[in-house]
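Here is upload_34.csv, consisting of CSV, C-alpha atoms:
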```
chain,number,residue,atom,x,y,z
A,244,MET,CA,249.0,-13.8,63.9
A,245,PRO,CA,252.1,-11.5,63.5
A,246,GLU,CA,252.7,-10.2,60.0
A,247,ASN,CA,256.1,-11.7,59.8
A,248,ALA,CA,255.1,-15.1,61.3
A,249,ASN,CA,255.4,-18.2,59.0
A,250,GLN,CA,252.1,-20.1,58.6
A,251,ASN,CA,253.8,-23.4,59.1
A,252,ASP,CA,255.4,-22.3,62.4
A,253,ILE,CA,252.0,-21.5,64.1
A,254,VAL,CA,250.8,-24.1,66.6
A,255,TYR,CA,247.1,-24.4,67.0
A,256,SER,CA,245.1,-26.0,69.7
A,257,VAL,CA,242.3,-28.3,68.7
A,258,THR,CA,239.8,-25.8,70.1
A,259,GLN,CA,241.3,-23.0,68.0
A,260,LEU,CA,241.3,-25.0,64.8
A,261,THR,CA,237.7,-26.2,65.3
A,262,SER,CA,236.7,-22.6,66.0
A,263,ILE,CA,238.3,-21.5,62.7
A,264,ILE,CA,236.6,-24.3,60.8
A,265,LYS,CA,233.2,-23.5,62.5
A,266,ASP,CA,233.5,-19.8,61.5
A,267,VAL,CA,234.4,-20.8,57.9
A,268,ILE,CA,231.6,-23.4,57.4
A,269,GLU,CA,228.8,-21.6,59.2
A,270,GLY,CA,229.8,-18.3,57.6
A,271,SER,CA,229.8,-19.8,54.1
A,272,PHE,CA,226.4,-21.5,54.5
A,273,PRO,CA,224.0,-19.4,56.5
A,274,GLU,CA,221.0,-21.4,55.3
A,275,ILE,CA,220.7,-24.0,52.5
A,276,ILE,CA,218.1,-26.2,50.9
A,277,LEU,CA,219.1,-29.8,50.6
A,278,GLU,CA,217.3,-32.8,48.9
A,279,ALA,CA,218.4,-36.2,50.2
A,280,GLU,CA,217.2,-39.6,51.6
A,281,ILE,CA,216.5,-40.2,55.3
A,282,SER,CA,218.5,-43.0,57.0
A,283,ASN,CA,218.8,-44.2,60.6
A,284,TYR,CA,215.9,-42.1,61.8
A,285,ARG,CA,216.0,-41.9,65.6
A,286,PRO,CA,213.4,-39.9,67.6
A,287,SER,CA,214.6,-39.3,71.1
A,288,SER,CA,212.6,-39.2,74.4
A,289,SER,CA,213.1,-35.5,74.6
A,290,GLY,CA,211.3,-35.0,71.3
A,291,HIS,CA,214.3,-34.0,69.3
A,292,VAL,CA,215.0,-36.1,66.2
A,293,TYR,CA,218.4,-37.3,64.9
A,294,PHE,CA,219.0,-38.9,61.5
A,295,VAL,CA,221.3,-39.0,58.5
A,296,LEU,CA,220.7,-37.4,55.1
A,297,LYS,CA,222.4,-39.2,52.2
A,298,ASP,CA,222.6,-39.7,48.5
A,299,ALA,CA,224.6,-42.2,46.4
A,300,GLY,CA,227.9,-40.5,47.1
A,301,ALA,CA,227.9,-39.0,50.7
A,302,GLN,CA,225.9,-38.4,53.9
A,303,ILE,CA,225.6,-35.7,56.5
A,304,ALA,CA,224.3,-35.9,60.1
A,305,ALA,CA,221.0,-34.0,60.7
A,306,VAL,CA,219.1,-32.9,63.7
A,307,MET,CA,215.6,-31.5,64.1
A,308,TRP,CA,214.6,-29.8,67.3
A,309,LYS,CA,211.3,-30.8,69.0
A,310,SER,CA,209.5,-27.6,68.0
A,311,THR,CA,210.3,-28.1,64.3
A,312,ALA,CA,209.4,-31.8,64.5
A,313,ALA,CA,206.0,-30.9,66.0
A,314,ARG,CA,205.1,-28.8,62.9
A,315,LEU,CA,205.7,-31.6,60.4
A,316,ASN,CA,202.7,-32.7,58.3
A,317,PHE,CA,204.0,-36.3,57.8
A,318,LYS,CA,205.7,-39.0,59.8
A,319,PRO,CA,209.3,-39.4,58.6
A,320,SER,CA,210.9,-42.8,58.2
A,321,ASP,CA,214.0,-44.4,56.7
A,322,GLY,CA,214.0,-44.2,53.0
A,323,ASN,CA,211.9,-41.1,52.6
A,324,LEU,CA,213.2,-38.7,50.0
A,325,VAL,CA,212.9,-35.2,51.6
A,326,ARG,CA,213.7,-31.6,50.9
A,327,VAL,CA,215.0,-29.7,54.0
A,328,LYS,CA,215.9,-26.2,54.8
A,329,GLY,CA,218.5,-25.7,57.5
A,330,LYS,CA,221.8,-24.3,58.7
A,331,ILE,CA,225.2,-26.0,58.7
A,332,THR,CA,226.7,-26.1,62.1
A,333,VAL,CA,229.9,-27.5,63.7
A,334,TYR,CA,229.7,-29.3,67.0
A,335,PRO,CA,233.1,-28.5,68.6
A,336,ALA,CA,232.9,-31.1,71.3
A,337,ARG,CA,233.0,-33.9,68.7
A,338,GLY,CA,234.6,-32.1,65.9
A,339,ASN,CA,231.9,-33.0,63.3
A,340,TYR,CA,229.4,-31.0,61.3
A,341,GLN,CA,225.7,-31.4,60.9
A,342,ILE,CA,222.7,-29.6,59.5
A,343,VAL,CA,220.1,-28.2,61.9
A,344,ILE,CA,216.8,-28.5,60.1
A,345,SER,CA,214.2,-25.7,60.3
A,346,ALA,CA,211.7,-27.1,57.7
A,347,MET,CA,211.2,-30.4,56.0
A,348,ASP,CA,208.8,-31.7,53.3
A,349,LEU,CA,208.5,-35.0,51.4
A,350,ALA,CA,210.2,-34.8,48.0
A,351,GLY,CA,209.0,-38.3,47.0
A,352,SER,CA,209.6,-41.9,48.1
A,353,GLY,CA,213.1,-43.0,48.7
A,354,ASN,CA,214.7,-45.3,46.2
A,355,ILE,CA,215.2,-48.1,48.8
A,356,LEU,CA,211.6,-48.1,50.0
A,357,LEU,CA,210.3,-48.0,46.4
A,358,MET,CA,212.5,-51.0,45.6
A,359,LEU,CA,211.4,-52.9,48.7
A,360,GLU,CA,207.7,-52.2,48.0
A,361,GLU,CA,207.9,-53.4,44.4
A,362,ARG,CA,209.8,-56.6,45.6
A,363,LYS,CA,207.2,-57.1,48.3
A,364,LYS,CA,204.3,-57.0,45.8
A,365,LYS,CA,206.1,-59.4,43.6
A,366,LEU,CA,206.8,-62.0,46.3
A,367,TYR,CA,203.3,-61.5,47.7
A,368,ALA,CA,201.8,-62.3,44.3
A,369,GLU,CA,203.8,-65.5,44.2
A,370,GLY,CA,202.2,-66.6,47.5
A,371,LEU,CA,205.4,-66.5,49.6
A,372,PHE,CA,203.7,-64.6,52.4
A,373,ASP,CA,200.5,-66.7,52.5
A,374,GLU,CA,199.3,-67.7,56.0
A,375,SER,CA,198.7,-71.3,54.7
A,376,ARG,CA,202.5,-71.7,54.4
A,377,LYS,CA,203.1,-70.9,58.0
A,378,LYS,CA,204.3,-73.7,60.2
A,379,PRO,CA,203.7,-73.9,64.0
A,380,LEU,CA,206.7,-73.6,66.3
A,381,PRO,CA,207.6,-76.8,68.2
A,382,ALA,CA,206.3,-76.7,71.8
A,383,PHE,CA,209.5,-78.3,73.3
A,384,PRO,CA,212.5,-78.0,70.9
A,385,ASP,CA,215.7,-79.8,71.7
A,386,THR,CA,217.9,-77.7,69.4
A,387,ILE,CA,217.7,-74.1,68.3
A,388,GLY,CA,219.5,-73.0,65.1
A,389,VAL,CA,220.7,-69.4,64.8
A,390,VAL,CA,221.6,-67.8,61.5
A,391,THR,CA,223.5,-64.6,62.4
A,392,SER,CA,226.9,-63.1,62.8
A,393,GLN,CA,229.1,-64.9,65.2
A,394,THR,CA,230.4,-61.6,66.7
A,395,GLY,CA,227.1,-59.7,66.8
A,396,ALA,CA,225.1,-58.7,69.9
A,397,ALA,CA,222.2,-60.8,68.5
A,398,LEU,CA,223.9,-64.1,69.2
A,399,ARG,CA,224.9,-63.0,72.7
A,400,ASP,CA,221.3,-62.0,73.5
A,401,ILE,CA,219.9,-65.3,72.2
A,402,LEU,CA,222.4,-67.4,74.1
A,403,GLN,CA,221.7,-65.5,77.3
A,404,ILE,CA,218.0,-65.8,77.0
A,405,THR,CA,218.2,-69.5,76.1
A,406,ARG,CA,220.4,-70.4,79.0
A,407,ARG,CA,218.2,-68.5,81.4
A,408,ARG,CA,215.0,-70.2,80.2
A,409,SER,CA,216.2,-73.8,79.8
A,410,LYS,CA,219.5,-75.6,80.4
A,411,TYR,CA,218.4,-78.5,78.3
A,412,VAL,CA,218.0,-76.7,74.9
A,413,ASN,CA,221.0,-76.8,72.6
A,414,VAL,CA,222.0,-73.9,70.3
A,415,ILE,CA,223.7,-74.3,67.0
A,416,LEU,CA,225.2,-71.3,65.3
A,417,PHE,CA,225.2,-71.1,61.6
A,418,PRO,CA,227.6,-68.1,61.2
A,419,ALA,CA,226.7,-65.7,58.4
A,420,ILE,CA,227.7,-62.3,57.1
A,421,VAL,CA,224.8,-60.0,57.9
A,422,GLN,CA,225.8,-56.8,56.2
A,423,GLY,CA,227.1,-55.8,52.8
A,424,GLU,CA,226.9,-57.3,49.3
A,425,THR,CA,227.9,-60.8,50.3
A,426,ALA,CA,225.5,-61.0,53.2
A,427,ALA,CA,222.4,-62.3,51.4
A,428,PRO,CA,224.0,-65.3,49.8
A,429,SER,CA,225.7,-66.1,53.1
A,430,ILE,CA,222.4,-66.0,55.0
A,431,ALA,CA,220.5,-68.1,52.4
A,432,ARG,CA,223.3,-70.7,52.3
A,433,GLN,CA,223.2,-71.2,56.0
A,434,ILE,CA,219.4,-71.6,56.1
A,435,GLN,CA,219.8,-74.2,53.4
A,436,THR,CA,222.5,-76.0,55.3
A,437,ALA,CA,220.3,-76.2,58.4
A,438,ASN,CA,217.6,-77.8,56.3
A,439,ASP,CA,219.8,-80.1,54.3
A,440,TYR,CA,221.1,-81.8,57.4
A,441,LYS,CA,218.0,-81.3,59.6
A,442,MET,CA,220.2,-79.9,62.4
A,443,CYS,CA,217.6,-78.1,64.5
A,444,ASP,CA,213.9,-78.0,65.5
A,445,VAL,CA,213.5,-74.3,64.9
A,446,LEU,CA,215.6,-71.6,63.2
A,447,ILE,CA,216.2,-68.0,64.3
A,448,VAL,CA,217.3,-65.8,61.4
A,449,GLY,CA,218.3,-62.2,62.1
A,450,ARG,CA,220.7,-59.6,63.5
A,451,GLY,CA,220.8,-56.6,65.8
A,452,GLY,CA,219.5,-53.1,64.8
A,453,GLY,CA,220.9,-50.9,62.1
A,454,SER,CA,220.0,-48.5,59.4
A,455,LEU,CA,217.7,-49.4,56.6
A,456,GLU,CA,220.7,-50.1,54.4
A,457,ASP,CA,222.2,-52.4,57.0
A,458,LEU,CA,219.1,-54.5,57.1
A,459,LEU,CA,218.8,-54.8,53.3
A,460,PRO,CA,220.3,-58.3,53.0
A,461,PHE,CA,217.3,-59.7,54.9
A,462,SER,CA,215.0,-58.3,52.2
A,463,GLU,CA,216.9,-59.8,49.3
A,464,GLU,CA,214.9,-62.3,47.2
A,465,ILE,CA,217.4,-65.1,47.8
A,466,VAL,CA,216.9,-64.8,51.6
A,467,VAL,CA,213.2,-64.4,51.5
A,468,ARG,CA,212.8,-67.5,49.3
A,469,ALA,CA,215.2,-69.5,51.5
A,470,VAL,CA,213.0,-68.6,54.6
A,471,ALA,CA,209.8,-69.4,52.8
A,472,ASP,CA,211.1,-72.7,51.5
A,473,SER,CA,212.5,-73.8,54.9
A,474,LYS,CA,211.1,-77.1,56.2
A,475,ILE,CA,212.3,-76.0,59.6
A,476,PRO,CA,210.0,-73.4,61.3
A,477,VAL,CA,211.7,-70.0,61.0
A,478,ILE,CA,211.5,-67.0,63.4
A,479,SER,CA,212.6,-63.8,61.8
A,480,ALA,CA,214.3,-61.4,64.2
A,481,VAL,CA,215.8,-58.5,62.2
A,482,GLY,CA,216.8,-55.4,64.1
A,483,HIS,CA,214.7,-53.7,66.7
A,484,GLU,CA,211.0,-53.5,67.1
A,485,ILE,CA,210.6,-50.6,64.6
A,486,ASP,CA,212.8,-52.2,62.0
A,487,TRP,CA,211.5,-54.6,59.4
A,488,ALA,CA,212.6,-56.7,56.5
A,489,LEU,CA,210.8,-58.8,53.8
A,490,CYS,CA,211.9,-62.0,55.4
A,491,ASP,CA,209.5,-61.1,58.3
A,492,PHE,CA,206.6,-61.7,56.0
A,493,ALA,CA,207.9,-65.1,54.8
A,494,ALA,CA,208.9,-66.4,58.2
A,495,ASP,CA,206.6,-68.6,60.3
A,496,LYS,CA,206.9,-66.1,63.1
A,497,ARG,CA,208.2,-62.6,63.4
A,498,ALA,CA,209.9,-61.4,66.6
A,499,PRO,CA,210.6,-57.7,67.3
A,500,THR,CA,214.2,-58.5,68.6
A,501,PRO,CA,216.6,-61.4,68.7
A,502,SER,CA,216.0,-61.7,72.4
A,503,ALA,CA,212.2,-61.9,71.8
A,504,ALA,CA,212.9,-64.6,69.2
A,505,ALA,CA,214.7,-66.7,71.8
A,506,GLU,CA,211.8,-66.3,74.2
A,507,LEU,CA,209.4,-67.4,71.5
A,508,ALA,CA,211.5,-70.5,70.6
A,509,VAL,CA,212.5,-71.7,74.1
A,510,PRO,CA,209.9,-72.4,76.8
A,511,VAL,CA,210.9,-71.6,80.4
A,512,LEU,CA,211.9,-74.9,82.0
A,513,ASP,CA,210.1,-74.1,85.2
A,514,ASP,CA,206.9,-73.3,83.2
A,515,VAL,CA,207.2,-76.7,81.4
A,516,LEU,CA,207.7,-78.6,84.7
A,517,TYR,CA,204.8,-76.7,86.2
A,518,TRP,CA,202.6,-77.5,83.2
A,519,PHE,CA,203.5,-81.2,83.5
A,520,GLU,CA,202.7,-81.1,87.2
A,521,GLN,CA,199.3,-79.5,86.5
A,522,LYS,CA,198.5,-82.0,83.9
A,523,GLU,CA,199.5,-84.9,86.2
A,524,ALA,CA,197.2,-83.5,88.9
A,525,GLU,CA,194.4,-83.1,86.4
A,526,PHE,CA,194.8,-86.7,85.1
A,527,GLU,CA,194.9,-88.1,88.6
A,528,THR,CA,191.7,-86.2,89.5
A,529,GLU,CA,190.0,-87.3,86.4
A,530,ILE,CA,191.0,-91.0,86.9
A,531,LYS,CA,189.7,-90.9,90.5
A,532,SER,CA,186.5,-89.3,89.4
A,533,ARG,CA,185.9,-91.9,86.7
A,534,LEU,CA,186.7,-94.8,89.1
A,535,GLN,CA,184.2,-93.4,91.6
A,536,LYS,CA,181.6,-93.3,88.8
A,537,LEU,CA,182.4,-96.8,87.8
A,538,ARG,CA,182.0,-98.0,91.4
A,539,LEU,CA,178.5,-96.4,91.6
A,540,MET,CA,177.6,-98.0,88.3
A,541,VAL,CA,178.7,-101.4,89.4
A,542,GLN,CA,176.6,-101.1,92.6
A,543,GLU,CA,173.6,-100.4,90.4
A,544,PHE,CA,174.1,-103.7,88.6
A,545,SER,CA,173.4,-106.0,91.6
A,546,PRO,CA,171.0,-108.9,90.9
A,547,GLU,CA,168.2,-107.2,92.9
A,548,ASN,CA,168.7,-103.9,91.0
A,549,LEU,CA,168.9,-105.6,87.7
A,550,GLU,CA,165.7,-107.5,88.3
A,551,LEU,CA,163.9,-104.3,89.3
A,552,ARG,CA,165.2,-102.4,86.3
A,553,PHE,CA,164.2,-105.4,84.1
A,554,ARG,CA,160.7,-105.5,85.5
A,555,ALA,CA,160.4,-101.7,85.1
A,556,ILE,CA,161.2,-102.2,81.4
A,557,GLU,CA,159.2,-105.4,81.0
A,558,GLN,CA,155.9,-104.4,82.6
A,559,PRO,CA,155.1,-101.5,80.3
A,560,LEU,CA,155.9,-103.7,77.3
A,561,LEU,CA,153.7,-106.6,78.6
A,562,GLN,CA,150.9,-104.1,79.3
A,563,ARG,CA,151.2,-102.7,75.8
A,564,PHE,CA,151.1,-106.3,74.4
A,565,ASP,CA,147.9,-107.1,76.4
A,566,TYR,CA,146.2,-103.9,75.2
A,567,ALA,CA,147.3,-104.7,71.6
A,568,LYS,CA,146.0,-108.2,71.9
A,569,GLU,CA,142.6,-107.1,73.2
A,570,ASP,CA,142.4,-104.4,70.5
A,571,LEU,CA,143.2,-107.1,67.9
A,572,LEU,CA,140.7,-109.6,69.1
A,573,SER,CA,138.0,-106.9,69.3
A,574,ASN,CA,138.8,-105.8,65.8
A,575,ILE,CA,138.7,-109.3,64.5
A,576,THR,CA,135.4,-110.0,66.2
A,577,GLU,CA,133.9,-106.9,64.7
A,578,ARG,CA,135.2,-107.8,61.3
A,579,ILE,CA,133.8,-111.3,61.5
A,580,LYS,CA,130.4,-110.0,62.7
A,581,ASP,CA,130.3,-107.5,59.7
A,582,ALA,CA,131.3,-110.2,57.3
A,583,ARG,CA,128.6,-112.6,58.6
A,584,GLN,CA,125.9,-110.0,58.2
A,585,LYS,CA,127.0,-109.2,54.7
A,586,LEU,CA,127.1,-113.0,53.9
A,587,GLU,CA,123.6,-113.5,55.2
A,588,LYS,CA,122.3,-110.7,53.1
A,589,GLN,CA,123.9,-112.1,50.0
A,590,ILE,CA,122.5,-115.6,50.8
A,591,LEU,CA,119.0,-114.1,51.1
A,592,VAL,CA,119.4,-112.3,47.8
A,593,LEU,CA,120.6,-115.6,46.1
A,594,GLU,CA,117.8,-117.5,47.6
A,595,ASN,CA,115.2,-115.0,46.4
A,596,ALA,CA,116.7,-115.2,42.9
A,597,ASN,CA,116.7,-119.1,42.9
A,598,PRO,CA,114.3,-120.5,40.2
A,599,SER,CA,113.4,-123.3,42.4
A,600,ALA,CA,112.0,-120.9,45.0
A,601,LEU,CA,109.9,-119.3,42.3
A,602,LEU,CA,108.6,-122.6,41.1
A,603,GLN,CA,107.7,-123.6,44.7
A,604,ARG,CA,105.5,-120.5,44.8
A,605,GLY,CA,103.4,-122.0,41.9
A,606,TYR,CA,105.1,-120.7,38.9
A,607,SER,CA,106.2,-123.0,36.0
A,608,MET,CA,108.7,-122.8,33.2
A,609,VAL,CA,107.7,-123.4,29.6
A,610,ARG,CA,110.2,-124.7,27.0
A,611,ASP,CA,110.1,-125.8,23.4
A,612,ALA,CA,110.0,-129.6,23.6
A,613,ALA,CA,112.1,-129.9,20.5
A,614,THR,CA,114.8,-127.3,21.1
A,615,GLY,CA,114.6,-126.8,24.9
A,616,LYS,CA,114.4,-123.0,24.4
A,617,ILE,CA,112.6,-121.2,27.1
A,618,ILE,CA,109.4,-119.6,25.8
A,619,ARG,CA,108.8,-116.1,27.1
A,620,SER,CA,106.0,-115.0,24.8
A,621,ALA,CA,103.0,-116.6,23.2
A,622,ALA,CA,104.2,-115.2,19.9
A,623,GLU,CA,107.2,-117.6,19.9
A,624,VAL,CA,105.1,-120.7,19.4
A,625,ALA,CA,102.8,-121.7,16.6
A,626,GLN,CA,99.7,-123.9,16.7
A,627,GLY,CA,100.6,-127.6,17.1
A,628,THR,CA,104.0,-126.9,18.7
A,629,LYS,CA,104.9,-129.3,21.4
A,630,VAL,CA,106.0,-127.7,24.6
A,631,GLU,CA,107.4,-128.9,27.9
A,632,ILE,CA,105.9,-127.4,31.1
A,633,VAL,CA,108.2,-127.6,34.1
A,634,PRO,CA,106.4,-127.0,37.5
A,635,ALA,CA,108.2,-127.4,40.9
A,636,LYS,CA,108.1,-131.1,40.5
A,637,GLY,CA,108.0,-133.2,37.3
A,638,LYS,CA,107.3,-132.2,33.7
A,639,ILE,CA,104.2,-131.8,31.6
A,640,LEU,CA,104.1,-132.3,27.8
A,641,ALA,CA,101.5,-130.4,25.8
A,642,THR,CA,100.5,-129.3,22.3
A,643,VAL,CA,99.7,-125.7,21.6
A,644,ASP,CA,96.1,-125.2,20.2
A,645,SER,CA,96.3,-121.5,20.1
A,646,GLY,CA,98.1,-118.5,21.6
A,647,GLU,CA,97.2,-114.9,22.3
A,648,ILE,CA,99.3,-111.9,23.3
```
Take the structure from the file and write it as structure tokens.
Amino acid sequence: MPENANQNDIVYSVTQLTSIIKDVIEGSFPEIILEAEISNYRPSSSGHVYFVLKDAGAQIAAVMWKSTAARLNFKPSDGNLVRVKGKITVYPARGNYQIVISAMDLAGSGNILLMLEERKKKLYAEGLFDESRKKPLPAFPDTIGVVTSQTGAALRDILQITRRRSKYVNVILFPAIVQGETAAPSIARQIQTANDYKMCDVLIVGRGGGSLEDLLPFSEEIVVRAVADSKIPVISAVGHEIDWALCDFAADKRAPTPSAAAELAVPVLDDVLYWFEQKEAEFETEIKSRLQKLRLMVQEFSPENLELRFRAIEQPLLQRFDYAKEDLLSNITERIKDARQKLEKQILVLENANPSALLQRGYSMVRDAATGKIIRSAAEVAQGTKVEIVPAKGKILATVDSGEI
């Protein structure tokens, strides 16, 4: 610049200005150490990693080349509080500045992740994530409710998938704010509205991808509780596959994307029709098979077959009856024979013990004539006692002259 030139009169090109800024910034910060929180972490297919480093007041774009990323001893994710070493560079093509990281270590957990982990533990302890609370999705819904932004890509994806899978399923939008401080009450209110009026068979709650901060409304307690308390089955579809929110744990089903949520909620019409056709064919085959079996069974019940089957059942029973009768009669005969023999023995014993039989053999019975007492010993009578002698026939009266033992 000429010494006498006025600073305000110089006209710079954008390239010249950017080059000056680049020299100033890069010359002032050859290498710095920075402590900040990771946000919007995006590994690329090439192996390079792009993300944002931020604190409460500002943020800066960051890039880590593949060779540096390969040396890390941890897997970075949104919310990590890290300490990085790197160089500030200016990217002229876009006119922005960034930090190229040469080393990175964990400096502790990020505030957001700590907060979410504490909230998750609290809600888990209350039972909001229990499997017993999960409701099955309806097999053939008539109406799908969608709680999301009316201008977001999530709604367009859901509508496109739904129209492609079935033209008979209706979609009701419950428009909600999905980012910022007013988002959580808006989302919870729309979930409650769908339940109050029973406006759909299944409810998709979600939004497209974004940073961890962008997805925070879906982790607010008011939203998680609304999802858990919903009488309508809820599919949580927050962000992309790697994203997550606490409402994922409370929902009846979690989908990796809004498009996947639509696929879960809406069966393919052709698949449904094919299923019905298959079931119809199965029922028809089953009915024909059962009719054929019934025909065979009826044929078996002709009078001739019935008589043969009856005889086949009757004959063994009659034979068993005959055997039982013979065994019973034989047993009774043996018992009678045994009883007769025992009776004869008892009669013989009684006959032998009969006094009359003894008297018939020549014995006599002597009694005191006055008292009728049987005399068993000569000592029982005195001289002059009148006795009665009883032989087999008649009686003899006598007077004792003497007695000896």
Excluding same-chain residues fewer than 2 positions from Gly482 of chain A, what lies within 8 Å of it counting only C-alpha atoms, as a ChimeraX atom specification?
-> /A:449-453,458,480,484-487,499-501
Show which residues sit within 9 Å of segment 406-417 of chain A, as a count of residues only. Count all atoms listed in the file, and ignore same-chain residues fewer than 3 positions away.
-> 28
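Note that the spacing between atom CA of Val448 of chain A and atom CA of Asp514 of chain A amounts to 25.3 Å.
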What does the distance between atom CA of Ile447 of chain A and atom CA of Ala505 of chain A come to in Å, to one decimal place?
->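 Separating atom CA of Ile447 of chain A from atom CA of Ala505 of chain A is a distance of 7.8 Å.
Excluding Leu260 of chain A and any residue on its chain fewer than 6 positions from it, the residues at most 10 Å away by all atoms listed in the file are A:Val254, A:Asp266, A:Pro335, A:Gly338.
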Selection: 9 Å around segment 359-367 of chain A, only C-alpha atoms, excl. self and same-chain fewer than 5 positions, as an MDAnalysis selection string = chainID A and resid 354 372:373 459 462:464 467:468 488:489 492
Quick one: residues within 9 Å of Glu424 of chain A, all atoms listed in the file, excluding same-chain residues fewer than 3 positions away - as an mmCIF file with C-alpha atoms, in the frame of the given file?
```cif
data_model
loop_
_atom_site.group_PDB
_atom_site.id
_atom_site.type_symbol
_atom_site.label_atom_id
_atom_site.label_comp_id
_atom_site.auth_asym_id
_atom_site.auth_seq_id
_atom_site.Cartn_x
_atom_site.Cartn_y
_atom_site.Cartn_z
ATOM 1 C CA ALA A 427 222.400 -62.300 51.400
ATOM 2 C CA PRO A 428 224.000 -65.300 49.800
ATOM 3 C CA PRO A 460 220.300 -58.300 53.000
#
```
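Here atom CA of Ala635 of chain A is placed at a distance of 5.4 Å from atom CA of Gln603 of chain A.
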Got a sec to check which residues sit within 10 Å of (219.4, -26.6, 61.0), counting all atoms listed in the file, and write them as an MDAnalysis selection string?
-> chainID A and resid 273:275 305:308 311 327:332 341:346
A:Arg610, A:Arg497, A:Lys441, A:Lys309 ranked by distance to Lys638 of chain A, top pick (using only C-alpha atoms) |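 Under the stated criterion, the closest residue is A:Arg610.
Checking A:Leu572, A:Ala612, A:Val466, A:Ile355 one by one against Ser479 of chain A, counting all atoms listed in the file, you find the shortest gap at A:Val466.
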Find, counting only C-alpha atoms, the residue in A:Arg554, A:Arg432, A:Lys377, A:Lys522 that gets nearest to Ile478 of chain A.
-> A:Lys377
